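Okay, so here's the structure we're looking at.
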Amino acid sequence: MFRLSRRLTTRRAVAAILGAAGILASVAGCGMLGGSSDDNKAGGNGAGGLELTHLKIGAMPILDDAPLQIAAQKGYFKDEGLDVTLEPVTGAATAIPKLISGDLQVTFGAYVPILQAQAKGTGDFKFVADSYQTADNIFVIMVKAGSAIKSPKDLAGRTIATNTKNSITDLLAKSAMDTAGVDSKTVKWVEFPFPDMAAKLQAGDIDAAVINEPFITAAQRNNGAVSLLDIATGPTANFPLSGYTTTAKFAQDNPKTVEAVRRAIVRAAGEAANRAVVEESVIKYAKIDKDIAALVRLGTFPTSLDRNRLQRTVDLMKKYDLLTKDINIDSMIIAPATTG
């Protein structure tokens, strides 16, 4: 997943995005959870009898997280009687301990590490809402201009960069390569951050790289890199990437609060179908210039959790040995609660 963090003002600023992509401070809320436990309880007298009204939700300054960011910017949490602080996280893996400790009540994050933690018994987690799924050409394998690699089959035995091994990135890549007739087991996988991949390609340090937006557009414009294989088509088309997660205990103890969070996020996800809304939001929370926001390809923002989509993630993880045992997806999806 890509991170964007400072305002850009020129056409060449795409490259500057990449150098700054790791900075997360721009999404931090100014407030912290304050007051005593009594201060944090609606006690049946607050907004619709919500069990809690002050929440900390893990957030990231990336396109995938647009529904959460839109909900916060447009006051949808306030409409539900919630006072939400967005807490910066670097991903689901780092957010999981904070969920378990109660430092976060809900978090944005990729499904893969949540499902791995569930399978390992690290915790018991529930999915509150979906966030982002793939669309054409938002995840591709790229090679440098003039590369001897002309077709997907030429990837066999090559050195390919992924941002993190055994993540959704190389999971999709392996599936797409195998579908294209390439034995992904012959590939040497190396790790580089997304912002570094175009330069590594240009220098010949790697033969190919799995890259997502906005780094695809940047690599094409700045380095002449060539898209070789869209890894979000065929078996991985419309593939779920990320969502919003809480613990089973928090969901059980605070069903009305969780439902209020879900409603706010789903409301924002519905608005995210309008690209202009996403662009306006990402300019604010990711601190990028509007001309850059207008260039990136977007995935889709589902307004409901679909157990069949999530089961596809489990099945693909099992196929590539990222899960040691099966998971009951139905038990992880929160049914909408009554909030009257």
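Ordering of the structure tokens sets the chain letters (A, B, ...); residue numbers start at 1 within each chain; ligands are numbered from 1 in the order shown.
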*All helix (DSSP H, G or I) residues (DSSP, backbone) inside region 40-207 of chain A, as an MDAnalysis selection string*: chainID A and resid 47:49 63:73 76:79 92:101 111:120 152:155 168:179 184:186 194:203
_I want to know what sits within 12 Å of region 217-227 of chain A, based on only C-alpha atoms, with residues of the same chain fewer than 5 positions away left out; could you give that as number ranges by chain?_
A: 11-19, 137-152, 194-203, 207-212, 292-298
*What are the DSSP strand (DSSP E) residues of region 136-292 of chain A, as a PyMOL selection string?*
chain A and resi 139-143+159-162+188-191+208-212+226-230+240-247
Kindly save the residues from that selection, with N, CA, C and O atoms included, as a compact mmCIF listing (two decimals), in the first residue's frame.
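Listing of part.txt after writing:
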# COMPACT_ATOMS: atom_id res chain seq x y z
N PHE A 139 -2.67 -2.48 -9.98
CA PHE A 139 -1.55 -3.30 -9.54
C PHE A 139 -0.98 -3.98 -10.78
O PHE A 139 -1.68 -4.76 -11.44
N VAL A 140 0.28 -3.69 -11.11
CA VAL A 140 0.86 -4.29 -12.31
C VAL A 140 2.31 -4.70 -12.05
O VAL A 140 2.96 -4.19 -11.14
N ILE A 141 2.78 -5.63 -12.87
CA ILE A 141 4.21 -5.95 -12.91
C ILE A 141 4.82 -5.10 -14.01
O ILE A 141 4.35 -5.11 -15.15
N MET A 142 5.89 -4.36 -13.67
CA MET A 142 6.51 -3.44 -14.60
C MET A 142 7.96 -3.83 -14.87
O MET A 142 8.62 -4.44 -14.02
N VAL A 143 8.42 -3.46 -16.06
CA VAL A 143 9.83 -3.63 -16.43
C VAL A 143 10.33 -2.30 -16.98
O VAL A 143 9.53 -1.42 -17.32
N THR A 159 14.39 -11.87 -11.17
CA THR A 159 14.35 -11.23 -9.86
C THR A 159 13.28 -10.15 -9.89
O THR A 159 13.36 -9.20 -10.68
N ILE A 160 12.27 -10.30 -9.03
CA ILE A 160 11.13 -9.38 -9.03
C ILE A 160 10.97 -8.79 -7.64
O ILE A 160 11.02 -9.49 -6.63
N ALA A 161 10.73 -7.49 -7.61
CA ALA A 161 10.57 -6.79 -6.33
C ALA A 161 9.10 -6.75 -5.92
O ALA A 161 8.21 -6.55 -6.73
N THR A 162 8.89 -6.95 -4.62
CA THR A 162 7.60 -6.74 -3.98
C THR A 162 7.85 -5.86 -2.77
O THR A 162 8.97 -5.80 -2.27
N LYS A 188 12.81 -15.19 -8.10
CA LYS A 188 13.51 -14.74 -6.89
C LYS A 188 12.84 -13.44 -6.44
O LYS A 188 12.90 -12.43 -7.14
N TRP A 189 12.21 -13.48 -5.27
CA TRP A 189 11.51 -12.31 -4.76
C TRP A 189 12.42 -11.51 -3.83
O TRP A 189 13.07 -12.07 -2.95
N VAL A 190 12.46 -10.21 -4.05
CA VAL A 190 13.23 -9.31 -3.18
C VAL A 190 12.30 -8.19 -2.72
O VAL A 190 11.29 -7.90 -3.38
N GLU A 191 12.63 -7.57 -1.61
CA GLU A 191 11.78 -6.53 -1.04
C GLU A 191 12.39 -5.14 -1.23
O GLU A 191 13.55 -4.92 -0.91
N ALA A 208 12.10 -6.92 -12.67
CA ALA A 208 10.71 -6.47 -12.74
C ALA A 208 10.28 -6.08 -11.33
O ALA A 208 10.97 -6.37 -10.35
N ALA A 209 9.13 -5.42 -11.25
CA ALA A 209 8.63 -4.98 -9.95
C ALA A 209 7.11 -5.00 -9.95
O ALA A 209 6.47 -4.68 -10.95
N VAL A 210 6.55 -5.37 -8.79
CA VAL A 210 5.10 -5.31 -8.60
C VAL A 210 4.80 -3.93 -8.02
O VAL A 210 5.19 -3.63 -6.89
N ILE A 211 4.11 -3.10 -8.78
CA ILE A 211 3.92 -1.70 -8.42
C ILE A 211 2.43 -1.35 -8.45
O ILE A 211 1.68 -1.89 -9.27
N ASN A 212 2.03 -0.48 -7.55
CA ASN A 212 0.64 0.00 -7.56
C ASN A 212 0.60 1.51 -7.74
O ASN A 212 1.63 2.17 -7.83
N VAL A 226 7.49 0.16 -18.29
CA VAL A 226 6.45 -0.45 -19.11
C VAL A 226 5.64 -1.44 -18.28
O VAL A 226 6.21 -2.28 -17.56
N SER A 227 4.33 -1.36 -18.37
CA SER A 227 3.47 -2.32 -17.69
C SER A 227 3.46 -3.62 -18.49
O SER A 227 3.15 -3.63 -19.68
N LEU A 228 3.77 -4.71 -17.80
CA LEU A 228 3.87 -6.02 -18.46
C LEU A 228 2.66 -6.90 -18.18
O LEU A 228 2.17 -7.60 -19.06
N LEU A 229 2.17 -6.87 -16.94
CA LEU A 229 1.09 -7.77 -16.56
C LEU A 229 0.23 -7.13 -15.48
O LEU A 229 0.73 -6.75 -14.42
N ASP A 230 -1.05 -6.98 -15.77
CA ASP A 230 -2.02 -6.52 -14.77
C ASP A 230 -2.31 -7.70 -13.85
O ASP A 230 -2.81 -8.73 -14.30
N PRO A 240 -10.68 -8.23 -2.99
CA PRO A 240 -10.69 -7.39 -1.78
C PRO A 240 -9.28 -7.18 -1.24
O PRO A 240 -8.52 -8.12 -1.06
N LEU A 241 -8.95 -5.93 -0.96
CA LEU A 241 -7.61 -5.59 -0.47
C LEU A 241 -7.60 -5.24 1.01
O LEU A 241 -6.70 -5.66 1.74
N SER A 242 -8.58 -4.46 1.45
CA SER A 242 -8.51 -3.92 2.81
C SER A 242 -9.89 -3.61 3.34
O SER A 242 -10.86 -3.49 2.58
N GLY A 243 -9.97 -3.46 4.66
CA GLY A 243 -11.24 -3.15 5.30
C GLY A 243 -11.01 -2.58 6.69
O GLY A 243 -9.89 -2.19 7.05
N TYR A 244 -12.08 -2.58 7.48
CA TYR A 244 -12.05 -2.02 8.83
C TYR A 244 -12.37 -3.12 9.83
O TYR A 244 -13.36 -3.84 9.69
N THR A 245 -11.51 -3.24 10.83
CA THR A 245 -11.52 -4.39 11.73
C THR A 245 -11.60 -3.95 13.18
O THR A 245 -11.04 -2.91 13.55
N THR A 246 -12.27 -4.74 13.99
CA THR A 246 -12.27 -4.57 15.45
C THR A 246 -12.08 -5.94 16.07
O THR A 246 -11.94 -6.95 15.37
N THR A 247 -12.06 -5.99 17.39
CA THR A 247 -11.96 -7.28 18.06
C THR A 247 -13.36 -7.82 18.33
O THR A 247 -14.34 -7.05 18.44
*Within 6 Å of Lys56 (chain A), counting only C-alpha atoms, which residues qualify if same-chain residues fewer than 5 places away don't, as a ChimeraX atom specification?*
/A:84-86,104-105
Export of prior selection with all heavy atoms as a PDB file, in the first residue's frame:
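Result file is again_22.pdb:
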ATOM      1  N   VAL A  84     -14.568  10.818  16.942  1.00  0.00           N
ATOM      2  CA  VAL A  84     -13.537   9.896  16.456  1.00  0.00           C
ATOM      3  C   VAL A  84     -12.208  10.620  16.255  1.00  0.00           C
ATOM      4  O   VAL A  84     -12.158  11.690  15.637  1.00  0.00           O
ATOM      5  CB  VAL A  84     -13.980   9.236  15.134  1.00  0.00           C
ATOM      6  CG1 VAL A  84     -12.814   8.519  14.462  1.00  0.00           C
ATOM      7  CG2 VAL A  84     -15.121   8.264  15.389  1.00  0.00           C
ATOM      8  N   THR A  85     -11.148  10.016  16.761  1.00  0.00           N
ATOM      9  CA  THR A  85      -9.786  10.457  16.486  1.00  0.00           C
ATOM     10  C   THR A  85      -9.138   9.458  15.544  1.00  0.00           C
ATOM     11  O   THR A  85      -9.154   8.255  15.810  1.00  0.00           O
ATOM     12  CB  THR A  85      -8.960  10.541  17.778  1.00  0.00           C
ATOM     13  OG1 THR A  85      -9.507  11.531  18.634  1.00  0.00           O
ATOM     14  CG2 THR A  85      -7.508  10.889  17.481  1.00  0.00           C
ATOM     15  N   LEU A  86      -8.589   9.943  14.430  1.00  0.00           N
ATOM     16  CA  LEU A  86      -7.865   9.066  13.518  1.00  0.00           C
ATOM     17  C   LEU A  86      -6.421   8.938  13.989  1.00  0.00           C
ATOM     18  O   LEU A  86      -5.703   9.930  14.094  1.00  0.00           O
ATOM     19  CB  LEU A  86      -7.914   9.617  12.091  1.00  0.00           C
ATOM     20  CG  LEU A  86      -9.306   9.780  11.465  1.00  0.00           C
ATOM     21  CD1 LEU A  86      -9.186  10.138   9.994  1.00  0.00           C
ATOM     22  CD2 LEU A  86     -10.152   8.537  11.658  1.00  0.00           C
ATOM     23  N   LEU A 104      -6.617   1.050  20.193  1.00  0.00           N
ATOM     24  CA  LEU A 104      -7.503   1.341  19.074  1.00  0.00           C
ATOM     25  C   LEU A 104      -8.769   0.528  19.259  1.00  0.00           C
ATOM     26  O   LEU A 104      -8.733  -0.597  19.755  1.00  0.00           O
ATOM     27  CB  LEU A 104      -6.855   0.965  17.736  1.00  0.00           C
ATOM     28  CG  LEU A 104      -5.613   1.736  17.281  1.00  0.00           C
ATOM     29  CD1 LEU A 104      -5.071   1.128  15.989  1.00  0.00           C
ATOM     30  CD2 LEU A 104      -5.914   3.215  17.077  1.00  0.00           C
ATOM     31  N   GLN A 105      -9.871   1.097  18.844  1.00  0.00           N
ATOM     32  CA  GLN A 105     -11.122   0.349  18.896  1.00  0.00           C
ATOM     33  C   GLN A 105     -11.457  -0.272  17.532  1.00  0.00           C
ATOM     34  O   GLN A 105     -12.079  -1.324  17.458  1.00  0.00           O
ATOM     35  CB  GLN A 105     -12.275   1.251  19.352  1.00  0.00           C
ATOM     36  CG  GLN A 105     -12.231   1.611  20.829  1.00  0.00           C
ATOM     37  CD  GLN A 105     -11.123   2.592  21.152  1.00  0.00           C
ATOM     38  OE1 GLN A 105     -11.014   3.651  20.542  1.00  0.00           O
ATOM     39  NE2 GLN A 105     -10.286   2.242  22.120  1.00  0.00           N
TER      40      GLN A 105
END
_Ala272 (chain A) surroundings by only C-alpha atoms, 9 Å radius, close-in-sequence under 3 positions cut, as JSON, numbers by chain_ = {"A": [66, 67, 70, 267, 268, 269, 275, 276, 277, 278, 300, 301]}
*Find the spatial neighbours of Arg312 (chain A), counting only C-alpha atoms, within a cut-off of 10 Å - ignore same-chain residues fewer than 6 positions away - and output them as a PyMOL selection string.*
chain A and resi 235-236+239-240+318
Grab the residues selected above and save them as a tab-separated table (two decimals), in the first residue's frame with C-alpha atoms.
chain	number	residue	atom	x	y	z
A	235	PRO	CA	-8.96	-14.86	-10.89
A	236	THR	CA	-7.89	-11.72	-9.01
A	239	PHE	CA	-10.20	-8.66	-5.36
A	240	PRO	CA	-10.69	-7.39	-1.78
A	318	LYS	CA	-4.24	-21.17	1.39
*Residue contacts of Ala335 (chain A) (12 Å, only C-alpha atoms) excluding same-chain residues fewer than 6 positions away, as a list in words*: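 Within the cut-off, the hits are Lys126, Phe127, Val128, Ala129, Ala251, Gln252, Pro255, Lys256, Val258, Glu259, Arg262, Ser304, Leu305, Asp306 and Arg307 of chain A.
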Include N, CA and C atoms and write out the residues we just selected as a CSV table (one decimal), in the first residue's frame.
chain,number,residue,atom,x,y,z
A,126,LYS,N,-13.2,-9.1,14.1
A,126,LYS,CA,-14.4,-9.0,13.3
A,126,LYS,C,-14.2,-7.9,12.3
A,127,PHE,N,-14.8,-8.1,11.1
A,127,PHE,CA,-14.8,-7.1,10.1
A,127,PHE,C,-16.0,-6.2,10.2
A,128,VAL,N,-15.8,-4.9,10.3
A,128,VAL,CA,-16.8,-3.9,10.5
A,128,VAL,C,-17.4,-3.5,9.1
A,129,ALA,N,-16.5,-3.2,8.2
A,129,ALA,CA,-16.9,-2.7,6.8
A,129,ALA,C,-15.7,-3.0,5.9
A,251,ALA,N,-16.7,-5.7,19.7
A,251,ALA,CA,-18.0,-5.8,19.0
A,251,ALA,C,-19.1,-6.3,19.8
A,252,GLN,N,-18.8,-7.3,20.7
A,252,GLN,CA,-19.8,-7.9,21.6
A,252,GLN,C,-20.2,-6.9,22.6
A,255,PRO,N,-22.1,-3.2,20.5
A,255,PRO,CA,-22.7,-3.4,19.2
A,255,PRO,C,-23.3,-2.1,18.6
A,256,LYS,N,-23.9,-1.2,19.4
A,256,LYS,CA,-24.5,0.0,18.8
A,256,LYS,C,-23.4,0.9,18.3
A,258,VAL,N,-20.4,0.0,17.3
A,258,VAL,CA,-19.8,-0.5,16.1
A,258,VAL,C,-20.7,-0.3,14.9
A,259,GLU,N,-22.0,-0.5,15.1
A,259,GLU,CA,-22.9,-0.2,14.0
A,259,GLU,C,-22.9,1.2,13.6
A,262,ARG,N,-19.9,1.6,11.4
A,262,ARG,CA,-20.2,1.0,10.1
A,262,ARG,C,-21.0,1.9,9.2
A,304,SER,N,-20.6,-2.8,1.1
A,304,SER,CA,-21.0,-3.9,1.9
A,304,SER,C,-19.9,-4.9,2.0
A,305,LEU,N,-19.9,-5.7,3.1
A,305,LEU,CA,-19.0,-6.8,3.2
A,305,LEU,C,-19.6,-8.0,2.5
A,306,ASP,N,-18.9,-8.6,1.6
A,306,ASP,CA,-19.3,-9.7,0.8
A,306,ASP,C,-18.5,-11.0,1.2
A,307,ARG,N,-19.2,-11.9,1.8
A,307,ARG,CA,-18.4,-13.1,2.3
A,307,ARG,C,-17.8,-13.9,1.2
